[in-house]
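Colleague: I have a structure I would like to understand better, so I am pasting it below and will then ask my questions one at a time.
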Amino acid sequence: MSVSEQKVVVVGQGYVGLPLAIRVVEAGHNVVGLDVDEMRVKRLAAGESFAEDVTSARLLAALNSGRYCLSTDYADAAGFDVCVITVPTPLKDGAPDLSFVESAAQAVAPHLRANATVILESTTYPCTTEHVVRPLLEAHSGLQAGEDFFLGYSPERIDPGNPTWRLENTPKVVSGVDDVSLRHVQDFYNDVVDRTVPVSSPRTAELTKLLENTFRHVNIALVNELAMFCRPLGIDIWEVIDAASTKPFGFMRFLPGPGVGGHCLPIDPSYLSWQVKQALQHDFRFVSLANDINSHMPDHVVLRVARGLNTRRKPVNGSQILVLGLAYKRNTGDVRESPSVAVAQGLQKLGAHVLAVEPYVEPSQLPQDILCVELTEDQVASADAVVVATDHDAFDYAMVERVADYVFDACNRCRSGAAERL
């Protein structure tokens, strides 16, 4: 069967599913993008993209090709050749919440036919594909994985806003519940990305994703804790990191900040620690420690700002504070688990009048308790403190440094002596 004859269903049209769906269309497949969010489906169908990795021009091109359609009805999945599940996997009361994965598998199963392929991309703990998704697909379809249809796991590696490493040129780890499933999964992604990396089992692929994110989480926690200690020791953490980065081997550059956000780092390592606790009755101490350090970084930033105001004989209570950036990551519009939002709300709890500047996040996604304004000289001049919480390139840092009375920079974008850095 040629690529153009394939019908691909991508369940979930969020920050992972949308870029995948558009790339699959560009590779020549016919794609149905399924999402339970009716408003999101309507906006996408109108050519309005919310993801930095998918411009409205790319979205419109996919829609105009006639090979990309959007739906909230799983009946439109009927007759699919490949189905990729990219739904959220949040935490609920500290435990993995697989309800979206389970619902998607149950809804897709009645439309599963012989020789079709189902791939899970949602980040999850090892054995989810084999012990959760497989039984649901088999029970609701009457077909057997590896015999009647093919099943595998391929972890997403989306890095929103990264202009260098995009979906198509980032190596894609692929797996299957058996050799035949692996071949079908790999054949599909070979049409979509430049390079695939096969591994021996879905549980290996699932753990690969968790290792990648846990590695980042732990190393960010290391430099965050160092940042807390460096200032009392009279050491500039940024200078230390720059110096250490000159070593051509044995060191990887990680940067401190106001905390970690997005879906991955605040959540994914906890999936791993939860399973280790459940299956082996052991604590994953590195993850627990990293969670503790990174989750308290917004509090540390709030404390540093309060101290900075205090040295200027100003209380936090009643001060006007301008927070630059609410997204969790530079040059993106994603506020999921954003530490910058936690910083703004922490200052509010101390009685500060907080205003924020956020050019990337859609108004409907912004916290309703934080008023957003434009970055102007008047706003900067009227603020008792300006806090750089997310270092969007769109901000005029030179103007901020020139006009502001007091700048606290958690991202190392203001280099003058007047700015206080993390």
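Naming scheme: A, B, ... for chains in displayed order of the structure tokens; residues 1 onward per chain; ligands 1 onward as shown.
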Tell me, counting only C-alpha atoms, for each residue of stretch 307-341 of chain A within 6 Å of stretch 347-358 of chain A, which pair of atoms is nearest and how far apart they are in Å to one decimal, in rows ordered by chain and increasing number, as a Markdown table.
Modeller:
| residue | atom | partner | partner_atom | distance |
| --- | --- | --- | --- | --- |
| A:Val316 | CA | A:Ala352 | CA | 5.5 |
| A:Asn317 | CA | A:Gly351 | CA | 4.1 |
| A:Gly318 | CA | A:Ala352 | CA | 5.1 |
| A:Ser319 | CA | A:Ala352 | CA | 5.1 |
| A:Gln320 | CA | A:His353 | CA | 4.7 |
| A:Ile321 | CA | A:Val354 | CA | 4.9 |
| A:Leu322 | CA | A:Leu355 | CA | 4.9 |
| A:Val323 | CA | A:Ala356 | CA | 4.6 |
| A:Leu324 | CA | A:Val357 | CA | 5.0 |
| A:Gly325 | CA | A:Glu358 | CA | 4.9 |
| A:Leu326 | CA | A:Glu358 | CA | 5.9 |
Colleague: For C-alpha atoms, I'd like the residues from the last selection saved as a short mmCIF file (atom, residue, chain, number, x, y, z; two decimals), in the first residue's frame.
Modeller:
data_model
loop_
_atom_site.label_atom_id
_atom_site.label_comp_id
_atom_site.auth_asym_id
_atom_site.auth_seq_id
_atom_site.Cartn_x
_atom_site.Cartn_y
_atom_site.Cartn_z
CA VAL A 316 6.23 43.62 49.13
CA ASN A 317 2.76 44.40 50.42
CA GLY A 318 1.51 47.27 48.31
CA SER A 319 4.40 47.28 45.85
CA GLN A 320 3.73 47.18 42.12
CA ILE A 321 5.65 44.34 40.48
CA LEU A 322 5.92 43.75 36.75
CA VAL A 323 6.55 40.10 35.84
CA LEU A 324 8.02 39.46 32.40
CA GLY A 325 6.79 36.15 31.02
CA LEU A 326 4.22 33.66 32.25
#
Colleague: Using DSSP on the backbone coordinates, identify the residues of stretch 234-391 of chain A assigned to helix (DSSP H, G or I); present them as a short mmCIF file (atom, residue, chain, number, x, y, z; two decimals) with N, CA, C and O atoms, in the first residue's frame.
Modeller:
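Output file selection.cif follows:
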data_model
loop_
_atom_site.label_atom_id
_atom_site.label_comp_id
_atom_site.auth_asym_id
_atom_site.auth_seq_id
_atom_site.Cartn_x
_atom_site.Cartn_y
_atom_site.Cartn_z
N ILE A 237 26.68 32.17 39.93
CA ILE A 237 26.42 30.84 39.38
C ILE A 237 26.52 30.83 37.87
O ILE A 237 26.98 29.86 37.26
N TRP A 238 26.14 31.94 37.22
CA TRP A 238 26.18 31.99 35.76
C TRP A 238 27.62 31.98 35.27
O TRP A 238 27.93 31.34 34.24
N GLU A 239 28.51 32.66 35.97
CA GLU A 239 29.92 32.64 35.60
C GLU A 239 30.50 31.25 35.79
O GLU A 239 31.31 30.77 34.98
N VAL A 240 30.09 30.58 36.86
CA VAL A 240 30.55 29.21 37.12
C VAL A 240 30.13 28.29 35.99
O VAL A 240 30.94 27.49 35.48
N ILE A 241 28.87 28.38 35.58
CA ILE A 241 28.37 27.50 34.51
C ILE A 241 29.08 27.80 33.19
O ILE A 241 29.45 26.88 32.44
N ASP A 242 29.30 29.08 32.90
CA ASP A 242 30.02 29.44 31.68
C ASP A 242 31.43 28.85 31.69
O ASP A 242 31.91 28.34 30.67
N ALA A 243 32.08 28.94 32.83
CA ALA A 243 33.45 28.42 32.92
C ALA A 243 33.46 26.89 32.78
O ALA A 243 34.29 26.33 32.06
N ALA A 244 32.54 26.23 33.48
CA ALA A 244 32.49 24.76 33.40
C ALA A 244 32.15 24.28 31.99
O ALA A 244 32.60 23.21 31.56
N ASP A 268 6.62 13.80 34.44
CA ASP A 268 7.11 12.51 33.95
C ASP A 268 8.02 11.77 34.93
O ASP A 268 7.87 10.55 35.10
N PRO A 269 8.99 12.44 35.59
CA PRO A 269 9.82 11.69 36.55
C PRO A 269 9.00 11.06 37.67
O PRO A 269 9.38 10.01 38.20
N SER A 270 7.88 11.69 38.01
CA SER A 270 7.04 11.12 39.07
C SER A 270 6.36 9.83 38.61
O SER A 270 6.02 8.98 39.44
N TYR A 271 6.14 9.69 37.30
CA TYR A 271 5.63 8.42 36.78
C TYR A 271 6.61 7.30 37.08
O TYR A 271 6.24 6.19 37.46
N LEU A 272 7.90 7.60 36.87
CA LEU A 272 8.92 6.59 37.11
C LEU A 272 9.04 6.27 38.59
O LEU A 272 9.08 5.09 38.99
N SER A 273 9.08 7.29 39.44
CA SER A 273 9.22 7.04 40.87
C SER A 273 7.99 6.31 41.42
O SER A 273 8.10 5.46 42.31
N TRP A 274 6.81 6.63 40.87
CA TRP A 274 5.58 5.94 41.30
C TRP A 274 5.66 4.46 40.99
O TRP A 274 5.34 3.60 41.83
N GLN A 275 6.12 4.12 39.77
CA GLN A 275 6.17 2.70 39.41
C GLN A 275 7.23 1.96 40.21
O GLN A 275 7.03 0.81 40.62
N VAL A 276 8.37 2.60 40.43
CA VAL A 276 9.41 1.96 41.24
C VAL A 276 8.87 1.66 42.64
O VAL A 276 9.11 0.58 43.20
N LYS A 277 8.11 2.61 43.19
CA LYS A 277 7.52 2.40 44.52
C LYS A 277 6.49 1.28 44.49
O LYS A 277 6.47 0.42 45.39
N GLN A 278 5.64 1.27 43.47
CA GLN A 278 4.58 0.27 43.39
C GLN A 278 5.13 -1.13 43.13
O GLN A 278 4.70 -2.10 43.73
N ALA A 279 6.09 -1.22 42.21
CA ALA A 279 6.57 -2.54 41.79
C ALA A 279 7.67 -3.09 42.67
O ALA A 279 7.74 -4.31 42.89
N LEU A 280 8.54 -2.21 43.19
CA LEU A 280 9.72 -2.67 43.91
C LEU A 280 9.76 -2.26 45.37
O LEU A 280 10.68 -2.64 46.10
N ARG A 285 15.09 8.09 45.11
CA ARG A 285 15.49 9.24 45.91
C ARG A 285 15.92 10.43 45.06
O ARG A 285 15.71 11.58 45.44
N PHE A 286 16.57 10.18 43.94
CA PHE A 286 16.97 11.28 43.07
C PHE A 286 15.76 12.07 42.59
O PHE A 286 15.77 13.30 42.57
N VAL A 287 14.70 11.37 42.19
CA VAL A 287 13.50 12.04 41.70
C VAL A 287 12.84 12.82 42.82
O VAL A 287 12.42 13.97 42.64
N SER A 288 12.74 12.22 43.99
CA SER A 288 12.11 12.89 45.12
C SER A 288 12.86 14.17 45.49
O SER A 288 12.24 15.22 45.74
N LEU A 289 14.17 14.10 45.49
CA LEU A 289 14.98 15.27 45.83
C LEU A 289 14.86 16.35 44.75
O LEU A 289 14.70 17.54 45.05
N ALA A 290 14.89 15.92 43.47
CA ALA A 290 14.76 16.89 42.38
C ALA A 290 13.39 17.56 42.42
O ALA A 290 13.27 18.77 42.19
N ASN A 291 12.35 16.77 42.68
CA ASN A 291 11.00 17.35 42.80
C ASN A 291 10.96 18.41 43.89
O ASN A 291 10.37 19.49 43.71
N ASP A 292 11.58 18.11 45.02
CA ASP A 292 11.55 19.03 46.15
C ASP A 292 12.27 20.33 45.81
O ASP A 292 11.77 21.43 46.08
N ILE A 293 13.44 20.23 45.20
CA ILE A 293 14.21 21.43 44.88
C ILE A 293 13.51 22.26 43.82
O ILE A 293 13.31 23.47 43.97
N ASN A 294 13.14 21.62 42.71
CA ASN A 294 12.56 22.38 41.60
C ASN A 294 11.19 22.97 41.93
O ASN A 294 10.85 24.08 41.49
N SER A 295 10.41 22.24 42.73
CA SER A 295 9.09 22.76 43.07
C SER A 295 9.15 23.95 44.01
O SER A 295 8.20 24.74 44.09
N MET A 297 11.59 26.31 43.79
CA MET A 297 12.29 27.45 43.17
C MET A 297 11.41 28.69 43.03
O MET A 297 11.90 29.82 43.24
N PRO A 298 10.12 28.57 42.68
CA PRO A 298 9.30 29.79 42.68
C PRO A 298 9.28 30.49 44.03
O PRO A 298 9.33 31.73 44.09
N ASP A 299 9.23 29.72 45.11
CA ASP A 299 9.27 30.33 46.45
C ASP A 299 10.59 31.05 46.68
O ASP A 299 10.63 32.12 47.30
N HIS A 300 11.67 30.46 46.18
CA HIS A 300 12.98 31.09 46.34
C HIS A 300 13.04 32.42 45.59
O HIS A 300 13.58 33.41 46.11
N VAL A 301 12.47 32.45 44.38
CA VAL A 301 12.45 33.70 43.61
C VAL A 301 11.63 34.76 44.34
O VAL A 301 12.04 35.92 44.43
N VAL A 302 10.47 34.37 44.85
CA VAL A 302 9.63 35.30 45.60
C VAL A 302 10.39 35.86 46.79
O VAL A 302 10.36 37.07 47.07
N LEU A 303 11.10 35.00 47.50
CA LEU A 303 11.89 35.43 48.67
C LEU A 303 12.99 36.41 48.26
O LEU A 303 13.21 37.44 48.92
N ARG A 304 13.65 36.11 47.14
CA ARG A 304 14.72 36.99 46.68
C ARG A 304 14.18 38.37 46.28
O ARG A 304 14.79 39.40 46.56
N VAL A 305 13.03 38.38 45.63
CA VAL A 305 12.42 39.66 45.25
C VAL A 305 12.02 40.44 46.50
O VAL A 305 12.25 41.66 46.59
N ALA A 306 11.45 39.75 47.46
CA ALA A 306 11.05 40.41 48.71
C ALA A 306 12.27 41.01 49.41
O ALA A 306 12.22 42.15 49.93
N ARG A 307 13.36 40.27 49.43
CA ARG A 307 14.58 40.79 50.06
C ARG A 307 15.12 41.99 49.29
O ARG A 307 15.61 42.96 49.88
N GLY A 308 15.05 41.90 47.95
CA GLY A 308 15.52 43.01 47.14
C GLY A 308 14.73 44.28 47.39
O GLY A 308 15.30 45.39 47.48
N LEU A 309 13.42 44.15 47.53
CA LEU A 309 12.59 45.31 47.85
C LEU A 309 12.91 45.82 49.25
O LEU A 309 12.96 47.03 49.49
N ASN A 310 13.12 44.89 50.17
CA ASN A 310 13.39 45.28 51.55
C ASN A 310 14.66 46.12 51.66
O ASN A 310 14.72 47.10 52.42
N THR A 311 15.69 45.74 50.90
CA THR A 311 16.93 46.52 50.95
C THR A 311 16.73 47.93 50.38
O THR A 311 17.53 48.83 50.65
N PRO A 339 6.32 27.70 36.27
CA PRO A 339 6.82 28.28 37.52
C PRO A 339 6.70 29.80 37.53
O PRO A 339 6.63 30.41 38.61
N SER A 340 6.67 30.43 36.36
CA SER A 340 6.52 31.88 36.29
C SER A 340 5.17 32.32 36.84
O SER A 340 5.04 33.35 37.51
N VAL A 341 4.13 31.53 36.55
CA VAL A 341 2.81 31.81 37.11
C VAL A 341 2.86 31.66 38.63
O VAL A 341 2.29 32.48 39.36
N ALA A 342 3.56 30.63 39.09
CA ALA A 342 3.67 30.43 40.55
C ALA A 342 4.39 31.60 41.21
O ALA A 342 4.05 32.01 42.32
N VAL A 343 5.40 32.15 40.53
CA VAL A 343 6.10 33.32 41.06
C VAL A 343 5.15 34.51 41.18
O VAL A 343 5.08 35.18 42.22
N ALA A 344 4.40 34.77 40.11
CA ALA A 344 3.46 35.90 40.12
C ALA A 344 2.41 35.74 41.21
O ALA A 344 2.11 36.69 41.95
N GLN A 345 1.87 34.54 41.34
CA GLN A 345 0.85 34.30 42.36
C GLN A 345 1.43 34.33 43.76
O GLN A 345 0.77 34.76 44.71
N GLY A 346 2.68 33.90 43.91
CA GLY A 346 3.34 33.97 45.22
C GLY A 346 3.54 35.40 45.67
O GLY A 346 3.36 35.73 46.85
N LEU A 347 3.89 36.29 44.74
CA LEU A 347 4.03 37.71 45.07
C LEU A 347 2.68 38.33 45.40
O LEU A 347 2.57 39.17 46.31
N GLN A 348 1.64 37.90 44.69
CA GLN A 348 0.29 38.38 45.01
C GLN A 348 -0.11 38.00 46.42
O GLN A 348 -0.73 38.80 47.13
N LYS A 349 0.22 36.79 46.83
CA LYS A 349 -0.16 36.33 48.17
C LYS A 349 0.50 37.18 49.27
O LYS A 349 -0.02 37.26 50.39
N PRO A 363 -4.86 34.76 25.35
CA PRO A 363 -5.58 35.33 26.51
C PRO A 363 -6.45 34.33 27.24
O PRO A 363 -6.54 34.37 28.48
N SER A 364 -7.06 33.41 26.52
CA SER A 364 -7.95 32.43 27.16
C SER A 364 -7.19 31.45 28.06
O SER A 364 -7.78 30.81 28.92
N GLN A 365 -5.88 31.34 27.84
CA GLN A 365 -5.07 30.41 28.63
C GLN A 365 -4.37 31.08 29.81
O GLN A 365 -3.77 30.40 30.64
N GLU A 377 7.79 51.73 28.51
CA GLU A 377 8.64 52.44 29.46
C GLU A 377 7.84 52.92 30.67
O GLU A 377 8.34 52.90 31.80
N ASP A 378 6.60 53.32 30.44
CA ASP A 378 5.76 53.79 31.55
C ASP A 378 5.49 52.66 32.54
O ASP A 378 5.54 52.87 33.77
N GLN A 379 5.18 51.45 32.02
CA GLN A 379 4.92 50.32 32.91
C GLN A 379 6.17 49.97 33.70
O GLN A 379 6.09 49.68 34.91
N VAL A 380 7.32 49.99 33.06
CA VAL A 380 8.57 49.66 33.75
C VAL A 380 8.90 50.73 34.79
O VAL A 380 9.28 50.42 35.93
N ALA A 381 8.73 51.98 34.42
CA ALA A 381 9.06 53.08 35.34
C ALA A 381 8.17 53.10 36.57
O ALA A 381 8.60 53.50 37.66
N SER A 382 6.92 52.68 36.41
CA SER A 382 5.98 52.71 37.53
C SER A 382 6.08 51.50 38.44
O SER A 382 5.46 51.46 39.50
#
Colleague: Step one, run DSSP on the backbone; step two, keep only residues of stretch 112-187 of chain A assigned to strand (DSSP E); then write them as a list in words.
Modeller: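 Checking each residue of stretch 112-187 of chain A, the strand (DSSP E) ones are Thr117, Val118, Ile119, Leu120, Phe150, Leu151, Gly152, Tyr153, Lys172, Val173 and Val174 of chain A.
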Colleague: I need the residues from that last selection saved to file as a PDB file, in the first residue's frame (with N, CA, C and O atoms), if you can.
Modeller:
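Writing the result to selection22.pdb gives the following:
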ATOM      1  N   THR A 117      -2.458  -0.680  12.540  1.00  0.00           N
ATOM      2  CA  THR A 117      -1.401  -0.450  13.525  1.00  0.00           C
ATOM      3  C   THR A 117      -1.848   0.617  14.515  1.00  0.00           C
ATOM      4  O   THR A 117      -2.361   1.658  14.114  1.00  0.00           O
ATOM      5  N   VAL A 118      -1.642   0.348  15.812  1.00  0.00           N
ATOM      6  CA  VAL A 118      -1.930   1.322  16.866  1.00  0.00           C
ATOM      7  C   VAL A 118      -0.624   1.630  17.596  1.00  0.00           C
ATOM      8  O   VAL A 118       0.111   0.721  17.974  1.00  0.00           O
ATOM      9  N   ILE A 119      -0.351   2.916  17.773  1.00  0.00           N
ATOM     10  CA  ILE A 119       0.890   3.359  18.423  1.00  0.00           C
ATOM     11  C   ILE A 119       0.535   4.333  19.546  1.00  0.00           C
ATOM     12  O   ILE A 119      -0.201   5.290  19.330  1.00  0.00           O
ATOM     13  N   LEU A 120       1.073   4.076  20.719  1.00  0.00           N
ATOM     14  CA  LEU A 120       0.928   5.006  21.835  1.00  0.00           C
ATOM     15  C   LEU A 120       2.148   5.920  21.866  1.00  0.00           C
ATOM     16  O   LEU A 120       3.290   5.442  21.803  1.00  0.00           O
ATOM     17  N   PHE A 150      -1.321  -4.683  14.795  1.00  0.00           N
ATOM     18  CA  PHE A 150       0.043  -4.405  15.249  1.00  0.00           C
ATOM     19  C   PHE A 150       0.007  -3.280  16.282  1.00  0.00           C
ATOM     20  O   PHE A 150      -0.750  -2.327  16.156  1.00  0.00           O
ATOM     21  N   LEU A 151       0.849  -3.421  17.287  1.00  0.00           N
ATOM     22  CA  LEU A 151       0.809  -2.484  18.416  1.00  0.00           C
ATOM     23  C   LEU A 151       2.223  -2.126  18.835  1.00  0.00           C
ATOM     24  O   LEU A 151       3.108  -2.983  18.925  1.00  0.00           O
ATOM     25  N   GLY A 152       2.442  -0.841  19.121  1.00  0.00           N
ATOM     26  CA  GLY A 152       3.762  -0.415  19.570  1.00  0.00           C
ATOM     27  C   GLY A 152       3.726   0.881  20.340  1.00  0.00           C
ATOM     28  O   GLY A 152       2.664   1.488  20.544  1.00  0.00           O
ATOM     29  N   TYR A 153       4.896   1.290  20.769  1.00  0.00           N
ATOM     30  CA  TYR A 153       5.052   2.536  21.523  1.00  0.00           C
ATOM     31  C   TYR A 153       6.216   3.321  20.937  1.00  0.00           C
ATOM     32  O   TYR A 153       7.274   2.758  20.621  1.00  0.00           O
ATOM     33  N   LYS A 172      13.708   9.133  16.222  1.00  0.00           N
ATOM     34  CA  LYS A 172      12.453   8.642  16.817  1.00  0.00           C
ATOM     35  C   LYS A 172      12.647   7.217  17.311  1.00  0.00           C
ATOM     36  O   LYS A 172      12.921   6.295  16.533  1.00  0.00           O
ATOM     37  N   VAL A 173      12.515   7.020  18.615  1.00  0.00           N
ATOM     38  CA  VAL A 173      12.578   5.685  19.198  1.00  0.00           C
ATOM     39  C   VAL A 173      11.280   4.956  18.884  1.00  0.00           C
ATOM     40  O   VAL A 173      10.185   5.506  19.069  1.00  0.00           O
ATOM     41  N   VAL A 174      11.378   3.729  18.407  1.00  0.00           N
ATOM     42  CA  VAL A 174      10.193   2.950  18.027  1.00  0.00           C
ATOM     43  C   VAL A 174      10.276   1.560  18.634  1.00  0.00           C
ATOM     44  O   VAL A 174      11.358   1.027  18.863  1.00  0.00           O
TER      45      VAL A 174
END
Colleague: How close does each residue of stretch 135-227 of chain A get to stretch 48-60 of chain A, giving the shortest atom pair and distance in Å to one decimal for every residue with an atom at most 12 Å away, counting only C-alpha atoms, sorted by chain and residue number, as CSV?
Modeller:
residue,atom,partner,partner_atom,distance
A:Ile158,CA,A:Asp53,CA,8.9
A:Asp159,CA,A:Asp53,CA,8.7
A:Pro160,CA,A:Asp53,CA,6.2
A:Gly161,CA,A:Glu52,CA,5.6
A:Asn162,CA,A:Asp53,CA,8.0
A:Pro163,CA,A:Asp53,CA,8.4
A:Thr164,CA,A:Asp53,CA,11.1
A:Trp165,CA,A:Asp53,CA,10.6
A:Arg166,CA,A:Asp53,CA,7.9
A:Leu167,CA,A:Asp53,CA,8.9
A:Glu168,CA,A:Asp53,CA,11.3
Colleague: Do a neighbour search on A:Glu121 at 7 Å with only C-alpha atoms, toss out local chain neighbours closer than 3 positions, and write the hits as a list in words.
Modeller: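 Near A:Glu121, the qualifying residues are Val84, Ile85, Thr86, Tyr153, Ser154, Pro155 and Glu156 of chain A.
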Colleague: Counting only C-alpha atoms, figure out which residue out of A:Val218, A:Ile22, A:Pro88, A:Val387 gets nearest to A:Arg336.
Modeller: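 Of the candidates, the smallest distance to A:Arg336 is held by A:Pro88.
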Colleague: Between atom CA of A:Asp334 and atom CA of A:Asp409, what is the spacing in Å?
Modeller: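 Value for the atom CA of A:Asp409-atom CA of A:Asp334 distance: 20.4 Å.
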Colleague: Hey, what's within 9 Å of A:Asn115 if we count only C-alpha atoms and toss same-chain stuff fewer than 3 positions away? As a PDB file with N, CA, C and O atoms, in the first residue's frame, please?
Modeller:
ATOM      1  N   ASP A  81      -5.726   2.869   8.975  1.00  0.00           N
ATOM      2  CA  ASP A  81      -4.588   1.972   8.814  1.00  0.00           C
ATOM      3  C   ASP A  81      -3.610   2.122   9.973  1.00  0.00           C
ATOM      4  O   ASP A  81      -2.996   1.147  10.403  1.00  0.00           O
ATOM      5  N   LEU A 112     -11.023  -0.726  15.079  1.00  0.00           N
ATOM      6  CA  LEU A 112      -9.799  -1.439  14.764  1.00  0.00           C
ATOM      7  C   LEU A 112     -10.115  -2.605  13.833  1.00  0.00           C
ATOM      8  O   LEU A 112     -11.065  -3.358  14.057  1.00  0.00           O
ATOM      9  N   GLU A 147      -1.147 -10.688  16.177  1.00  0.00           N
ATOM     10  CA  GLU A 147      -1.712 -11.677  15.264  1.00  0.00           C
ATOM     11  C   GLU A 147      -2.648 -11.013  14.258  1.00  0.00           C
ATOM     12  O   GLU A 147      -2.499 -11.199  13.045  1.00  0.00           O
ATOM     13  N   ASP A 148      -3.604 -10.245  14.765  1.00  0.00           N
ATOM     14  CA  ASP A 148      -4.588  -9.601  13.892  1.00  0.00           C
ATOM     15  C   ASP A 148      -4.255  -8.138  13.602  1.00  0.00           C
ATOM     16  O   ASP A 148      -4.576  -7.622  12.536  1.00  0.00           O
ATOM     17  N   PHE A 149      -3.660  -7.464  14.574  1.00  0.00           N
ATOM     18  CA  PHE A 149      -3.261  -6.071  14.372  1.00  0.00           C
ATOM     19  C   PHE A 149      -1.905  -5.853  15.030  1.00  0.00           C
ATOM     20  O   PHE A 149      -1.388  -6.724  15.746  1.00  0.00           O
ATOM     21  N   PHE A 150      -1.321  -4.683  14.795  1.00  0.00           N
ATOM     22  CA  PHE A 150       0.043  -4.405  15.249  1.00  0.00           C
ATOM     23  C   PHE A 150       0.007  -3.280  16.282  1.00  0.00           C
ATOM     24  O   PHE A 150      -0.750  -2.327  16.156  1.00  0.00           O
TER      25      PHE A 150
END
Colleague: Kindly assemble as JSON lines a list of the stretch 130-169 of chain A residues that lie within 12 Å of stretch 99-105 of chain A, each paired with its nearest atom pair and their distance in Å to one decimal, using only C-alpha atoms, sorted first by chain and then by ascending residue number.
Modeller:
{"residue": "A:His131", "atom": "CA", "partner": "A:Glu102", "partner_atom": "CA", "distance": 11.2}
{"residue": "A:Val132", "atom": "CA", "partner": "A:Glu102", "partner_atom": "CA", "distance": 7.4}
{"residue": "A:Val133", "atom": "CA", "partner": "A:Ala105", "partner_atom": "CA", "distance": 6.2}
{"residue": "A:Arg134", "atom": "CA", "partner": "A:Ala105", "partner_atom": "CA", "distance": 8.4}
{"residue": "A:Pro135", "atom": "CA", "partner": "A:Ala105", "partner_atom": "CA", "distance": 9.4}
{"residue": "A:Leu136", "atom": "CA", "partner": "A:Ala105", "partner_atom": "CA", "distance": 6.2}
{"residue": "A:Leu137", "atom": "CA", "partner": "A:Ala105", "partner_atom": "CA", "distance": 6.0}
{"residue": "A:Glu138", "atom": "CA", "partner": "A:Ala105", "partner_atom": "CA", "distance": 9.7}
{"residue": "A:Ala139", "atom": "CA", "partner": "A:Ala105", "partner_atom": "CA", "distance": 10.3}
{"residue": "A:His140", "atom": "CA", "partner": "A:Ala105", "partner_atom": "CA", "distance": 8.8}
{"residue": "A:Ser141", "atom": "CA", "partner": "A:Ala105", "partner_atom": "CA", "distance": 10.2}
{"residue": "A:Leu151", "atom": "CA", "partner": "A:Ala105", "partner_atom": "CA", "distance": 11.6}
Colleague: Set the distance at 8 Å and use only C-alpha atoms: which residues neighbour A:Val9 once local chain neighbours fewer than 4 positions away are removed? I'd like the list as a PyMOL selection string.
Modeller: chain A and resi 31-34+77+80+82-84
Colleague: How about saving the chosen residues, N, CA and C atoms kept, as a CSV table (one decimal), in the first residue's frame?
Modeller:
chain,number,residue,atom,x,y,z
A,31,VAL,N,-5.0,12.2,7.0
A,31,VAL,CA,-5.0,12.3,8.5
A,31,VAL,C,-6.4,12.8,9.0
A,32,VAL,N,-6.9,12.1,10.0
A,32,VAL,CA,-8.0,12.5,10.8
A,32,VAL,C,-7.4,12.9,12.2
A,33,GLY,N,-7.6,14.2,12.6
A,33,GLY,CA,-7.1,14.7,13.9
A,33,GLY,C,-8.3,14.7,14.8
A,34,LEU,N,-8.3,13.8,15.8
A,34,LEU,CA,-9.4,13.7,16.8
A,34,LEU,C,-9.1,14.4,18.1
A,77,ALA,N,-12.9,7.7,12.8
A,77,ALA,CA,-11.7,6.9,12.8
A,77,ALA,C,-11.9,5.6,12.0
A,80,PHE,N,-9.3,3.1,9.7
A,80,PHE,CA,-7.9,3.6,9.8
A,80,PHE,C,-6.9,2.5,9.5
A,82,VAL,N,-3.5,3.4,10.4
A,82,VAL,CA,-2.6,3.6,11.6
A,82,VAL,C,-3.3,4.6,12.5
A,83,CYS,N,-3.2,4.3,13.8
A,83,CYS,CA,-3.8,5.2,14.8
A,83,CYS,C,-2.7,5.5,15.8
A,84,VAL,N,-2.4,6.8,16.0
A,84,VAL,CA,-1.4,7.2,17.0
A,84,VAL,C,-2.1,8.0,18.2
Colleague: What is the atom CA of A:Glu401-atom CA of A:Leu422 distance in Å, reported with one decimal?
Modeller: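 Atom CA of A:Leu422 lies at a distance of 15.6 Å from atom CA of A:Glu401.
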Colleague: What is the atom CA of A:Gly176-atom CA of A:Phe188 distance in Å, reported with one decimal?
Modeller: 12.1 Å
